[in-house]
$ cat entry_28.pdb   # PDB, C-alpha atoms
ATOM      1  CA  MET A 172      43.335 174.612   2.120
ATOM      2  CA  GLY A 173      44.169 178.310   2.066
ATOM      3  CA  LEU A 174      45.624 180.330  -0.730
ATOM      4  CA  PRO A 175      49.443 180.477  -0.954
ATOM      5  CA  LEU A 176      49.577 184.111   0.137
ATOM      6  CA  GLN A 177      47.390 183.577   3.189
ATOM      7  CA  VAL A 178      50.162 182.991   5.677
ATOM      8  CA  ASP A 179      50.388 184.157   9.260
ATOM      9  CA  PRO A 180      52.573 187.315   9.240
ATOM     10  CA  SER A 181      54.338 186.266  12.449
ATOM     11  CA  THR A 182      55.479 183.051  10.740
ATOM     12  CA  VAL A 183      56.910 185.062   7.851
ATOM     13  CA  ALA A 184      58.599 187.486  10.265
ATOM     14  CA  THR A 185      60.143 184.604  12.210
ATOM     15  CA  GLY A 186      61.477 183.086   9.002
ATOM     16  CA  VAL A 187      62.925 186.385   7.792
ATOM     17  CA  ASN A 188      64.535 187.025  11.183
ATOM     18  CA  THR A 189      66.044 183.531  11.223
ATOM     19  CA  VAL A 190      67.488 183.943   7.729
ATOM     20  CA  TRP A 191      68.915 187.349   8.656
ATOM     21  CA  VAL A 192      70.617 186.032  11.800
ATOM     22  CA  LEU A 193      72.069 183.134   9.774
ATOM     23  CA  VAL A 194      73.399 185.496   7.089
ATOM     24  CA  VAL A 195      75.024 187.702   9.722
ATOM     25  CA  SER A 196      76.445 184.662  11.513
ATOM     26  CA  PHE A 197      77.998 183.327   8.307
ATOM     27  CA  LEU A 198      79.480 186.741   7.488
ATOM     28  CA  ILE A 199      81.035 186.955  10.948
ATOM     29  CA  PHE A 200      82.242 183.352  10.633
ATOM     30  CA  PHE A 201      83.953 184.129   7.344
ATOM     31  CA  MET A 202      85.738 187.097   8.880
ATOM     32  CA  GLN A 203      88.056 184.470  10.382
ATOM     33  CA  PRO A 204      89.972 183.818   7.130
ATOM     34  CA  GLY A 205      90.298 187.573   6.678
ATOM     35  CA  PHE A 206      91.777 187.939  10.143
ATOM     36  CA  ALA A 207      94.120 185.024   9.414
ATOM     37  CA  LEU A 208      95.377 186.615   6.196
ATOM     38  CA  LEU A 209      95.722 190.034   7.829
ATOM     39  CA  GLU A 210      97.717 188.614  10.713
ATOM     40  CA  ALA A 211      99.840 186.454   8.399
ATOM     41  CA  GLY A 212     100.749 189.557   6.435
ATOM     42  CA  GLN A 213     101.802 191.430   9.541
ATOM     43  CA  VAL A 214     104.247 188.885  10.995
ATOM     44  CA  ARG A 215     107.623 187.569   9.948
ATOM     45  CA  ALA A 216     107.590 184.575   7.595
ATOM     46  CA  LYS A 217     108.763 182.204  10.318
ATOM     47  CA  ASN A 218     105.638 182.957  12.396
ATOM     48  CA  VAL A 219     102.978 182.654   9.687
ATOM     49  CA  GLY A 220     102.249 179.013  10.557
ATOM     50  CA  ASN A 221     101.828 179.897  14.223
ATOM     51  CA  VAL A 222      99.396 182.731  13.432
ATOM     52  CA  LEU A 223      97.344 180.576  11.063
ATOM     53  CA  MET A 224      97.176 177.782  13.625
ATOM     54  CA  LYS A 225      95.909 180.234  16.242
ATOM     55  CA  ASN A 226      93.114 181.259  13.882
ATOM     56  CA  MET A 227      92.187 177.642  13.168
ATOM     57  CA  THR A 228      92.190 177.015  16.908
ATOM     58  CA  ASP A 229      89.704 179.837  17.325
ATOM     59  CA  TRP A 230      87.395 178.122  14.846
ATOM     60  CA  ALA A 231      87.596 174.616  16.240
ATOM     61  CA  LEU A 232      88.197 175.119  19.949
ATOM     62  CA  GLY A 233      86.136 178.309  20.191
ATOM     63  CA  VAL A 234      82.966 176.774  18.798
ATOM     64  CA  LEU A 235      83.384 173.609  20.859
ATOM     65  CA  VAL A 236      84.022 175.416  24.162
ATOM     66  CA  TYR A 237      81.189 177.860  23.522
ATOM     67  CA  PHE A 238      78.858 174.924  22.884
ATOM     68  CA  VAL A 239      79.922 172.987  25.979
ATOM     69  CA  VAL A 240      79.963 175.840  28.518
ATOM     70  CA  GLY A 241      79.837 179.318  26.974
ATOM     71  CA  ALA A 242      76.170 179.524  26.019
ATOM     72  CA  ALA A 243      75.157 178.168  29.419
ATOM     73  CA  VAL A 244      77.394 180.684  31.214
ATOM     74  CA  ALA A 245      75.732 183.512  29.269
ATOM     75  CA  THR A 246      72.279 182.274  30.255
ATOM     76  CA  ILE A 247      73.246 181.861  33.921
ATOM     77  CA  VAL A 248      74.864 185.311  34.118
ATOM     78  CA  GLY A 249      71.803 186.823  32.442
ATOM     79  CA  GLY A 250      69.550 185.175  35.006
ATOM     80  CA  LEU A 251      71.707 186.071  38.008
ATOM     81  CA  THR A 252      72.031 189.746  37.101
ATOM     82  CA  SER A 253      68.405 190.332  36.151
ATOM     83  CA  SER A 254      65.194 190.155  38.096
ATOM     84  CA  GLY A 255      64.695 186.563  36.942
ATOM     85  CA  ALA A 256      66.139 183.469  38.508
ATOM     86  CA  ALA A 257      69.065 181.468  37.185
ATOM     87  CA  ASP A 258      67.974 178.015  36.046
ATOM     88  CA  LEU A 259      70.934 175.656  35.697
ATOM     89  CA  GLY A 260      68.904 173.047  33.808
ATOM     90  CA  GLY A 261      67.445 175.687  31.498
ATOM     91  CA  ALA A 262      70.912 177.062  30.813
ATOM     92  CA  PHE A 263      71.767 173.910  28.868
ATOM     93  CA  ALA A 264      68.369 173.673  27.112
ATOM     94  CA  TYR A 265      69.929 174.686  23.791
ATOM     95  CA  ILE A 266      71.580 171.259  23.546
ATOM     96  CA  ASN A 267      68.285 169.387  23.123
ATOM     97  CA  SER A 268      66.258 172.154  21.486
ATOM     98  CA  PRO A 269      66.609 172.198  17.697
ATOM     99  CA  GLY A 270      65.080 175.681  17.464
ATOM    100  CA  ASP A 271      67.788 177.311  19.591
ATOM    101  CA  TRP A 272      70.732 176.462  17.331
ATOM    102  CA  VAL A 273      70.491 179.730  15.379
ATOM    103  CA  GLY A 274      70.913 181.817  18.541
ATOM    104  CA  TRP A 275      73.699 179.518  19.678
ATOM    105  CA  LEU A 276      75.515 179.916  16.331
ATOM    106  CA  PHE A 277      75.184 183.701  16.559
ATOM    107  CA  GLY A 278      76.809 183.698  20.003
ATOM    108  CA  ALA A 279      79.492 181.204  18.971
ATOM    109  CA  VAL A 280      80.740 183.223  16.001
ATOM    110  CA  PHE A 281      81.082 186.334  18.136
ATOM    111  CA  ALA A 282      82.872 184.393  20.879
ATOM    112  CA  MET A 283      85.435 183.032  18.445
ATOM    113  CA  THR A 284      85.818 186.470  16.837
ATOM    114  CA  ALA A 285      86.632 187.942  20.253
ATOM    115  CA  ALA A 286      89.423 185.385  20.594
ATOM    116  CA  THR A 287      90.680 186.045  17.074
ATOM    117  CA  ILE A 288      90.968 189.781  17.649
ATOM    118  CA  VAL A 289      93.278 189.063  20.559
ATOM    119  CA  SER A 290      95.295 186.595  18.463
ATOM    120  CA  GLY A 291      96.297 189.472  16.205
ATOM    121  CA  ALA A 292      97.403 191.538  19.177
ATOM    122  CA  VAL A 293      99.613 188.761  20.524
ATOM    123  CA  ALA A 294     101.007 187.569  17.182
ATOM    124  CA  GLU A 295     104.703 186.697  17.600
ATOM    125  CA  ARG A 296     104.409 187.390  21.346
ATOM    126  CA  MET A 297     102.574 184.418  22.825
ATOM    127  CA  ASP A 298     103.337 180.711  22.951
ATOM    128  CA  PHE A 299     100.796 178.545  21.132
ATOM    129  CA  ARG A 300      99.964 176.405  24.184
ATOM    130  CA  ALA A 301      99.274 179.514  26.272
ATOM    131  CA  TYR A 302      97.073 180.858  23.479
ATOM    132  CA  VAL A 303      95.017 177.640  23.433
ATOM    133  CA  VAL A 304      94.287 178.095  27.146
ATOM    134  CA  PHE A 305      93.444 181.761  26.584
ATOM    135  CA  ALA A 306      91.125 180.954  23.655
ATOM    136  CA  ALA A 307      89.249 178.411  25.778
ATOM    137  CA  VAL A 308      88.873 180.914  28.635
ATOM    138  CA  ILE A 309      87.677 183.786  26.452
ATOM    139  CA  THR A 310      85.151 181.686  24.502
ATOM    140  CA  GLY A 311      83.947 179.747  27.538
ATOM    141  CA  PHE A 312      83.826 182.435  30.212
ATOM    142  CA  ILE A 313      84.958 185.993  29.397
ATOM    143  CA  TYR A 314      82.804 186.621  26.322
ATOM    144  CA  PRO A 315      79.773 184.708  27.682
ATOM    145  CA  VAL A 316      79.772 186.830  30.865
ATOM    146  CA  VAL A 317      79.642 190.001  28.757
ATOM    147  CA  GLN A 318      76.960 188.420  26.582
ATOM    148  CA  GLY A 319      74.966 187.469  29.660
ATOM    149  CA  LEU A 320      75.107 191.027  30.958
ATOM    150  CA  THR A 321      73.859 192.469  27.671
ATOM    151  CA  TRP A 322      72.084 190.174  25.199
ATOM    152  CA  SER A 323      70.827 187.525  27.615
ATOM    153  CA  GLY A 324      68.698 189.924  29.641
ATOM    154  CA  GLY A 325      71.243 190.652  32.370
ATOM    155  CA  LEU A 326      72.230 193.754  34.309
ATOM    156  CA  LEU A 327      72.952 196.085  31.389
ATOM    157  CA  ALA A 328      69.855 194.992  29.458
ATOM    158  CA  GLY A 329      67.719 195.896  32.472
ATOM    159  CA  SER A 330      69.400 199.305  32.753
ATOM    160  CA  GLY A 331      68.277 200.489  29.316
ATOM    161  CA  PHE A 332      71.288 199.202  27.375
ATOM    162  CA  VAL A 333      70.233 198.800  23.758
ATOM    163  CA  GLY A 334      71.958 195.768  22.329
ATOM    164  CA  GLN A 335      69.400 193.000  22.538
ATOM    165  CA  ALA A 336      69.737 190.402  19.794
TER     166      ALA A 336
END

$ encode --input "entry_28.pdb" --output "structure tokens"
Amino acid sequence: MGLPLQVDPSTVATGVNTVWVLVVSFLIFFMQPGFALLEAGQVRAKNVGNVLMKNMTDWALGVLVYFVVGAAVATIVGGLTSSGAADLGGAFAYINSPGDWVGWLFGAVFAMTAATIVSGAVAERMDFRAYVVFAAVITGFIYPVVQGLTWSGGLLAGSGFVGQA
């Protein structure tokens, strides 16, 4: 049995990195109530409920859609636009891999934040049902394609773009 301070430095670094990504993910996640309050303060009283429901939709629907298809789309786009090959089975590996949930959470909070930013721009201008469709499209396809081009090793990552997570 080794001494308590005799730990592999790479294990400590992995733990610190994981905690940091979780802290950042939770901070981004809790930006959602701030966006909701900001948007509610910028619209007429009759539209506050609609704006708040759009923000709640971003939380619930955004995370669900990103889990079902978004993370896989990012992996596939990263593989197709880089020198590697796209592996459809490997694209959904995060579902059965308990170690990949931190990276998935990081991507999910940014996907739902992308949808929320747009919800503020269309406050009082867009029907709720149309917004639900838009939120599903942005969290399932639009944001994951951009993520695949940058953070998932895709075209921009191979061109010297610095933005790797």

$ atom_distance --input "entry_28.pdb" --atom1 "atom CA of A:Phe206" --atom2 "atom CA of A:Phe305"
17.6 Å

$ residues_around --input "entry_28.pdb" --residues "A:Thr252" --least-positions-apart "5" --cutoff "12 Å" --atoms "all atoms listed in the file" --output "list in words"
Ala245, Thr246, Ile247, Ala257, Val316, Val317, Gln318, Gly319, Leu320, Thr321, Trp322, Ser323, Gly324, Gly325, Leu326, Leu327, Ala328, Gly329 and Ser330 of chain A

$ closest_residue --input "entry_28.pdb" --among "A:Ala216, A:Ala286, A:Ala292, A:Ala279" --to "A:Phe197" --atoms "all atoms listed in the file"
A:Ala279

$ resolve_selection --input "entry_28.pdb" --expression "the PyMOL selection byres ((chain A and resi 307) around 9)" --output "mmCIF file with C-alpha atoms, in the coordinates of the input"
data_model
loop_
_atom_site.group_PDB
_atom_site.id
_atom_site.type_symbol
_atom_site.label_atom_id
_atom_site.label_comp_id
_atom_site.auth_asym_id
_atom_site.auth_seq_id
_atom_site.Cartn_x
_atom_site.Cartn_y
_atom_site.Cartn_z
ATOM 1 C CA ASP A 229 89.704 179.837 17.325
ATOM 2 C CA LEU A 232 88.197 175.119 19.949
ATOM 3 C CA GLY A 233 86.136 178.309 20.191
ATOM 4 C CA VAL A 236 84.022 175.416 24.162
ATOM 5 C CA TYR A 237 81.189 177.860 23.522
ATOM 6 C CA ALA A 286 89.423 185.385 20.594
ATOM 7 C CA TYR A 302 97.073 180.858 23.479
ATOM 8 C CA VAL A 303 95.017 177.640 23.433
ATOM 9 C CA VAL A 304 94.287 178.095 27.146
ATOM 10 C CA PHE A 305 93.444 181.761 26.584
ATOM 11 C CA ALA A 306 91.125 180.954 23.655
ATOM 12 C CA VAL A 308 88.873 180.914 28.635
ATOM 13 C CA ILE A 309 87.677 183.786 26.452
ATOM 14 C CA THR A 310 85.151 181.686 24.502
ATOM 15 C CA GLY A 311 83.947 179.747 27.538
ATOM 16 C CA PHE A 312 83.826 182.435 30.212
#

$ atom_distance --input "entry_28.pdb" --atom1 "atom CA of A:Val178" --atom2 "atom CA of A:Leu193"
22.3 Å

$ resolve_selection --input "entry_28.pdb" --expression "the PyMOL selection byres ((chain A and resi 195) around 12)" --output "MDAnalysis selection string"
chainID A and resid 188:194 196:202 273:274 276:278 280:281 336

$ atom_distance --input "entry_28.pdb" --atom1 "atom CA of A:Tyr265" --atom2 "atom CA of A:Ala242"
8.2 Å

$ closest_residue --input "entry_28.pdb" --among "A:Ala207, A:Val240, A:Leu251, A:Met224" --to "A:Pro315" --atoms "all atoms listed in the file"
A:Val240

$ closest_residue --input "entry_28.pdb" --among "A:Thr287, A:Ala231, A:Asp271, A:Phe299" --to "A:Leu209" --atoms "all atoms listed in the file"
A:Thr287

$ closest_residue --input "entry_28.pdb" --among "A:Arg300, A:Phe332, A:Glu295, A:Thr182" --to "A:Lys217" --atoms "all atoms listed in the file"
A:Glu295

$ resolve_selection --input "entry_28.pdb" --expression "the PyMOL selection byres ((chain A and resi 263) around 10)" --output "number ranges by chain"
A: 238-244, 246-247, 258-262, 264-268

$ closest_residue --input "entry_28.pdb" --among "A:Gly249, A:Pro204, A:Gly331, A:Gly212" --to "A:Ala294" --atoms "only C-alpha atoms"
A:Gly212

$ build_atoms --input "entry_28.pdb" --residues "stretch 260-279 of chain A" --atoms "N, CA, C and O atoms" --output "compact mmCIF listing (two decimals), in the coordinates of the input"
# COMPACT_ATOMS: atom_id res chain seq x y z
N GLY A 260 69.39 173.99 34.82
CA GLY A 260 68.90 173.05 33.81
C GLY A 260 68.49 173.75 32.52
O GLY A 260 68.76 173.28 31.42
N GLY A 261 67.86 174.91 32.67
CA GLY A 261 67.44 175.69 31.50
C GLY A 261 68.62 176.30 30.76
O GLY A 261 68.52 176.62 29.57
N ALA A 262 69.74 176.48 31.45
CA ALA A 262 70.91 177.06 30.81
C ALA A 262 71.47 176.16 29.72
O ALA A 262 72.06 176.64 28.76
N PHE A 263 71.28 174.86 29.87
CA PHE A 263 71.77 173.91 28.87
C PHE A 263 70.65 173.42 27.94
O PHE A 263 70.82 172.43 27.24
N ALA A 264 69.51 174.10 27.92
CA ALA A 264 68.37 173.67 27.11
C ALA A 264 68.67 173.73 25.62
O ALA A 264 68.06 172.99 24.83
N TYR A 265 69.61 174.56 25.21
CA TYR A 265 69.93 174.69 23.79
C TYR A 265 70.49 173.39 23.21
O TYR A 265 70.43 173.18 22.00
N ILE A 266 71.00 172.51 24.04
CA ILE A 266 71.58 171.26 23.55
C ILE A 266 70.51 170.34 22.95
O ILE A 266 70.72 169.73 21.92
N ASN A 267 69.35 170.28 23.59
CA ASN A 267 68.28 169.39 23.12
C ASN A 267 67.19 170.10 22.35
O ASN A 267 66.24 169.47 21.93
N SER A 268 67.30 171.39 22.17
CA SER A 268 66.26 172.15 21.49
C SER A 268 66.72 172.53 20.08
O SER A 268 67.58 173.39 19.92
N PRO A 269 66.15 171.91 19.05
CA PRO A 269 66.61 172.20 17.70
C PRO A 269 66.34 173.64 17.26
O PRO A 269 67.03 174.16 16.40
N GLY A 270 65.39 174.32 17.85
CA GLY A 270 65.08 175.68 17.46
C GLY A 270 66.05 176.71 17.99
O GLY A 270 66.10 177.84 17.51
N ASP A 271 66.87 176.36 18.98
CA ASP A 271 67.79 177.31 19.59
C ASP A 271 69.16 177.34 18.92
O ASP A 271 70.02 178.11 19.33
N TRP A 272 69.40 176.54 17.91
CA TRP A 272 70.73 176.46 17.33
C TRP A 272 71.12 177.74 16.60
O TRP A 272 72.30 178.07 16.51
N VAL A 273 70.17 178.50 16.09
CA VAL A 273 70.49 179.73 15.38
C VAL A 273 71.05 180.76 16.37
O VAL A 273 72.07 181.40 16.10
N GLY A 274 70.40 180.91 17.51
CA GLY A 274 70.91 181.82 18.54
C GLY A 274 72.25 181.36 19.09
O GLY A 274 73.13 182.18 19.37
N TRP A 275 72.41 180.05 19.22
CA TRP A 275 73.70 179.52 19.68
C TRP A 275 74.80 179.83 18.67
O TRP A 275 75.89 180.27 19.04
N LEU A 276 74.52 179.64 17.37
CA LEU A 276 75.52 179.92 16.33
C LEU A 276 75.90 181.38 16.34
O LEU A 276 77.08 181.73 16.21
N PHE A 277 74.92 182.26 16.51
CA PHE A 277 75.18 183.70 16.56
C PHE A 277 76.14 184.03 17.71
O PHE A 277 77.11 184.78 17.53
N GLY A 278 75.91 183.47 18.87
CA GLY A 278 76.81 183.70 20.00
C GLY A 278 78.18 183.09 19.79
O GLY A 278 79.20 183.67 20.15
N ALA A 279 78.22 181.90 19.18
CA ALA A 279 79.49 181.20 18.97
C ALA A 279 80.41 181.96 18.03
O ALA A 279 81.62 182.06 18.27
